[in-house]
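The structure file input08.csv is reproduced below (CSV, C-alpha atoms).
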chain,number,residue,atom,x,y,z
A,6,MET,CA,0.0,0.0,0.0
A,7,ALA,CA,1.1,3.6,-0.5
A,8,GLY,CA,1.2,4.3,3.3
A,9,ARG,CA,4.1,2.0,4.1
A,10,ARG,CA,4.9,1.1,7.7
A,11,SER,CA,8.3,-0.2,8.8
A,12,PHE,CA,9.5,-1.6,12.1
A,13,SER,CA,13.0,-1.7,13.3
A,14,LEU,CA,14.3,-3.4,16.4
A,15,GLN,CA,16.5,-1.0,18.2
A,16,GLY,CA,18.2,-1.1,21.6
A,17,ALA,CA,18.9,-4.8,21.5
A,18,LYS,CA,22.7,-4.6,21.4
A,19,ALA,CA,23.1,-8.0,23.1
A,20,LEU,CA,20.7,-9.6,20.6
A,21,ASN,CA,22.5,-8.0,17.7
A,22,ALA,CA,25.9,-9.2,19.0
A,23,ALA,CA,24.6,-12.7,19.4
A,24,LEU,CA,23.2,-12.7,15.9
A,25,LYS,CA,26.6,-11.6,14.5
A,26,ASP,CA,28.3,-14.5,16.3
A,27,LEU,CA,26.0,-16.9,14.6
A,28,GLY,CA,27.3,-16.1,11.1
A,29,PRO,CA,25.4,-14.5,8.3
A,30,GLU,CA,23.6,-17.6,7.0
A,31,THR,CA,22.2,-18.6,10.4
A,32,ALA,CA,21.4,-15.1,11.3
A,33,THR,CA,19.6,-14.5,7.9
A,34,LYS,CA,17.6,-17.7,8.4
A,35,ALA,CA,16.6,-16.6,11.9
A,36,GLY,CA,15.7,-13.2,10.6
A,37,ALA,CA,13.6,-14.7,7.9
A,38,THR,CA,11.6,-16.8,10.3
A,39,ALA,CA,11.1,-13.8,12.7
A,40,SER,CA,10.1,-11.5,9.9
A,41,ARG,CA,7.6,-14.0,8.5
A,42,LYS,CA,6.0,-14.4,11.9
A,43,ALA,CA,5.8,-10.7,12.4
A,44,ALA,CA,4.3,-10.2,9.0
A,45,ASN,CA,1.7,-12.9,9.6
A,46,ILE,CA,0.7,-11.1,12.8
A,47,MET,CA,0.3,-7.9,10.8
A,48,ARG,CA,-1.7,-9.7,8.1
A,49,ASP,CA,-4.1,-11.2,10.6
A,50,ALA,CA,-4.7,-7.8,12.2
A,51,ALA,CA,-5.3,-6.1,8.9
A,52,GLN,CA,-7.7,-8.9,7.8
A,53,GLU,CA,-9.6,-8.4,11.1
A,54,ALA,CA,-9.8,-4.6,10.6
A,55,ALA,CA,-10.6,-4.6,6.9
A,56,PRO,CA,-14.0,-3.1,6.0
A,57,ARG,CA,-16.5,-5.7,5.0
A,58,GLY,CA,-19.2,-5.1,2.5
A,59,THR,CA,-22.3,-7.0,1.5
A,60,GLN,CA,-22.4,-6.1,-2.2
A,61,PRO,CA,-21.6,-8.7,-4.9
A,62,THR,CA,-17.9,-8.8,-5.8
A,63,THR,CA,-18.3,-9.9,-9.4
A,64,LYS,CA,-17.9,-7.2,-11.9
A,65,LYS,CA,-19.1,-7.5,-15.5
A,66,TRP,CA,-18.2,-5.3,-18.5
A,67,ARG,CA,-18.6,-5.3,-22.3
A,68,ASN,CA,-15.5,-5.0,-24.5
A,69,LYS,CA,-15.4,-2.8,-27.6
A,70,ASP,CA,-15.9,-5.9,-29.8
A,71,GLY,CA,-19.1,-6.7,-28.0
A,72,THR,CA,-17.9,-9.7,-25.9
A,73,GLN,CA,-18.8,-9.7,-22.3
A,74,GLN,CA,-16.3,-10.4,-19.5
A,75,GLU,CA,-16.5,-10.7,-15.8
A,76,ALA,CA,-14.1,-10.9,-12.9
A,77,ASP,CA,-14.5,-11.7,-9.2
A,78,TYR,CA,-12.0,-9.9,-7.1
A,79,GLY,CA,-13.3,-11.2,-3.8
A,80,ARG,CA,-13.7,-9.5,-0.5
A,81,LEU,CA,-11.0,-7.1,0.8
A,82,HIS,CA,-10.2,-9.2,3.9
A,83,GLU,CA,-9.8,-12.3,1.7
A,84,ASN,CA,-7.2,-10.5,-0.5
A,85,ILE,CA,-4.9,-9.4,2.3
A,86,LYS,CA,-1.7,-11.6,2.0
A,87,THR,CA,1.8,-11.8,3.3
A,88,ARG,CA,4.5,-12.0,0.6
A,89,LYS,CA,8.2,-12.2,0.6
A,90,GLN,CA,9.8,-9.5,-1.4
A,91,LYS,CA,13.3,-9.5,-2.9
A,92,ALA,CA,15.7,-7.7,-0.6
A,93,ARG,CA,17.9,-4.9,-2.0
A,94,LYS,CA,20.8,-5.8,0.3
A,95,ALA,CA,22.6,-9.1,1.0
A,96,HIS,CA,21.5,-10.9,4.2
A,97,THR,CA,18.4,-8.7,4.4
A,98,ILE,CA,14.9,-10.1,4.7
A,99,ARG,CA,11.8,-8.3,3.5
A,100,TYR,CA,8.2,-9.4,3.9
A,101,ILE,CA,5.2,-7.2,3.0
A,102,VAL,CA,1.5,-7.3,3.9
A,103,THR,CA,-0.4,-6.4,0.8
A,104,THR,CA,-4.0,-6.0,-0.3
A,105,ASN,CA,-3.1,-8.0,-3.4
A,106,ASN,CA,-5.9,-7.6,-6.1
A,107,ALA,CA,-8.1,-5.5,-3.8
A,108,PHE,CA,-7.0,-2.2,-5.1
A,109,TRP,CA,-10.1,-0.5,-3.6
A,110,GLY,CA,-8.7,-1.0,-0.1
A,111,ARG,CA,-6.6,2.1,-0.8
A,112,PHE,CA,-9.7,4.1,-1.5
A,113,SER,CA,-11.2,3.6,1.9
A,114,GLU,CA,-7.8,3.9,3.7
A,115,PHE,CA,-6.8,7.2,2.1
A,116,GLY,CA,-10.0,8.5,0.6
A,117,THR,CA,-10.8,9.8,-2.8
A,118,GLU,CA,-12.1,12.9,-4.4
A,119,HIS,CA,-15.7,11.7,-3.6
A,120,GLU,CA,-15.1,9.7,-0.4
A,121,PRO,CA,-13.4,10.7,2.8
A,122,ALA,CA,-10.6,8.6,4.2
A,123,ARG,CA,-11.6,5.9,6.7
A,124,PRO,CA,-8.3,4.4,7.8
A,125,TRP,CA,-8.3,0.8,8.8
A,126,PHE,CA,-4.9,-0.6,7.8
A,127,GLY,CA,-2.7,1.9,9.5
A,128,PRO,CA,-4.5,1.9,12.9
A,129,ALA,CA,-4.6,-1.9,12.9
A,130,ILE,CA,-0.8,-2.1,12.4
A,131,GLU,CA,-0.2,0.6,15.0
A,132,GLN,CA,-2.3,-1.2,17.5
A,133,ILE,CA,-0.3,-4.4,17.3
A,134,ALA,CA,3.2,-2.9,16.9
A,135,GLY,CA,4.2,-4.1,20.4
A,136,LYS,CA,3.2,-7.7,19.5
A,137,VAL,CA,5.2,-7.5,16.3
A,138,VAL,CA,8.4,-6.4,18.0
A,139,ASP,CA,7.9,-9.0,20.7
A,140,ALA,CA,7.4,-11.8,18.1
A,141,ILE,CA,10.6,-10.7,16.3
A,142,SER,CA,12.7,-10.6,19.5
A,143,ASP,CA,11.2,-13.9,20.8
A,144,GLU,CA,11.9,-15.7,17.6
A,145,LEU,CA,15.5,-14.3,17.3
A,146,GLY,CA,16.1,-15.3,20.9
A,147,ARG,CA,14.9,-18.9,20.2
A,148,ALA,CA,17.2,-19.0,17.1
A,149,ILE,CA,20.1,-17.9,19.1
A,150,ASP,CA,19.4,-20.6,21.8
A,151,ARG,CA,19.0,-23.3,19.1
A,152,ALA,CA,22.4,-22.3,17.5
A,153,ALA,CA,24.1,-22.3,20.9
A,154,ARG,CA,22.7,-25.8,21.7
A,155,LYS,CA,23.9,-27.0,18.3
A,156,ALA,CA,27.3,-25.5,18.8
A,157,ARG,CA,27.7,-27.2,22.2
A,158,LYS,CA,26.8,-30.6,20.7
A,159,SER,CA,29.5,-30.2,18.0
Could you quickly redo this structure as structure tokens?
Amino acid sequence: MAGRRSFSLQGAKALNAALKDLGPETATKAGATASRKAANIMRDAAQEAAPRGTQPTTKKWRNKDGTQQEADYGRLHENIKTRKQKARKAHTIRYIVTTNNAFWGRFSEFGTEHEPARPWFGPAIEQIAGKVVDAISDELGRAIDRAARKARKS
């Protein structure tokens, strides 16, 4: 969505040092797991907060050649997905929560010329920001513990 939200885990120097000790591959794998869990928490919150309508979701139109077509885009909350996105830097993980084919989700979030904004995505994410950061730090902590146990066995 146009109104992007980002989270960064700051103030966790011990956690960061422990991740560096794991090596880039293990740290990247741990980061990917933690990021995916955090993104799934955000996806669930956005799905819950998404406006729900009762109108049919199938749209029909006639082409210039006279043929008729139709498409069913589904409900907004059904279209909200978590997707891994290619990172711009090495050893960087990026997951996004997207409205996928539900382009009209932006219209209610930001408003249009004819409709006032009724934010739902941003407030839902802000409401669970603490859970997201906790999920990331918990998962990274578990990964560090697993790597430490594995190193002791070797």
What's the 8 Å shell around His82 (chain A), counting all atoms listed in the file, without same-chain residues fewer than 5 positions away, as an mmCIF file with C-alpha atoms, in the frame of the given file?
data_model
loop_
_atom_site.group_PDB
_atom_site.id
_atom_site.type_symbol
_atom_site.label_atom_id
_atom_site.label_comp_id
_atom_site.auth_asym_id
_atom_site.auth_seq_id
_atom_site.Cartn_x
_atom_site.Cartn_y
_atom_site.Cartn_z
ATOM 1 C CA ALA A 51 -5.300 -6.100 8.900
ATOM 2 C CA GLN A 52 -7.700 -8.900 7.800
ATOM 3 C CA GLU A 53 -9.600 -8.400 11.100
ATOM 4 C CA ALA A 55 -10.600 -4.600 6.900
ATOM 5 C CA PRO A 56 -14.000 -3.100 6.000
ATOM 6 C CA ARG A 57 -16.500 -5.700 5.000
#
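Counting from CA of Thr31 (chain A), the distance to CA of Ala92 (chain A) is 16.8 Å.
Closest approach to Val138 (chain A) from the set A:Ala37, A:Ile46, A:Ala32, A:Ala107 is made by A:Ile46, with distances taken over all atoms listed in the file.
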Report as a PDB file with C-alpha atoms, keeping the file's coordinate frame all protein, DNA and RNA residues lying within 10 Å of Thr62 (chain A), evaluated on all atoms listed in the file, omitting residues in the same chain fewer than 5 positions from it.
ATOM      1  CA  ALA A  76     -14.100 -10.900 -12.900  1.00  0.00           C
ATOM      2  CA  ASP A  77     -14.500 -11.700  -9.200  1.00  0.00           C
ATOM      3  CA  TYR A  78     -12.000  -9.900  -7.100  1.00  0.00           C
ATOM      4  CA  GLY A  79     -13.300 -11.200  -3.800  1.00  0.00           C
ATOM      5  CA  ARG A  80     -13.700  -9.500  -0.500  1.00  0.00           C
ATOM      6  CA  LEU A  81     -11.000  -7.100   0.800  1.00  0.00           C
TER       7      LEU A  81
END
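Taking only C-alpha atoms into account, Thr38 (chain A) lies nearest to A:Asp143 out of the set A:Asp143, A:Glu118, A:Glu131, A:Asp26.
Minimum atom-to-atom distances from A:Lys69, A:Arg151, A:Arg99, A:His119 to Thr33 (chain A) were compared using all atoms listed in the file, and the lowest value belongs to A:Arg99.
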Best match for closeness to Gln132 (chain A) among A:Ala54, A:Glu120, A:Ala23, A:Arg41, counting all atoms listed in the file: A:Ala54
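In terms of minimum interatomic distance to Asn45 (chain A), A:Thr87 ranks closest within A:Thr103, A:Thr87, A:Ser113, A:Gln73, counting only C-alpha atoms.
Take CA of Ala35 (chain A) and CA of Asp49 (chain A): the distance between them is 21.4 Å.
Using all atoms listed in the file, the nearest neighbour of Gly135 (chain A) within the list A:Ala19, A:Met47, A:Ala156, A:Ile149 is A:Met47.
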Contacts of Ala44 (chain A) at 12 Å (only C-alpha atoms; same-chain gap of 3+ positions) as a ChimeraX atom specification: /A:10-12,36-41,47-51,85-90,98-103,130,133-134,136-138,140-141
CA of Lys42 (chain A) to CA of Gly110 (chain A), straight-line distance in Å: 23.2 Å
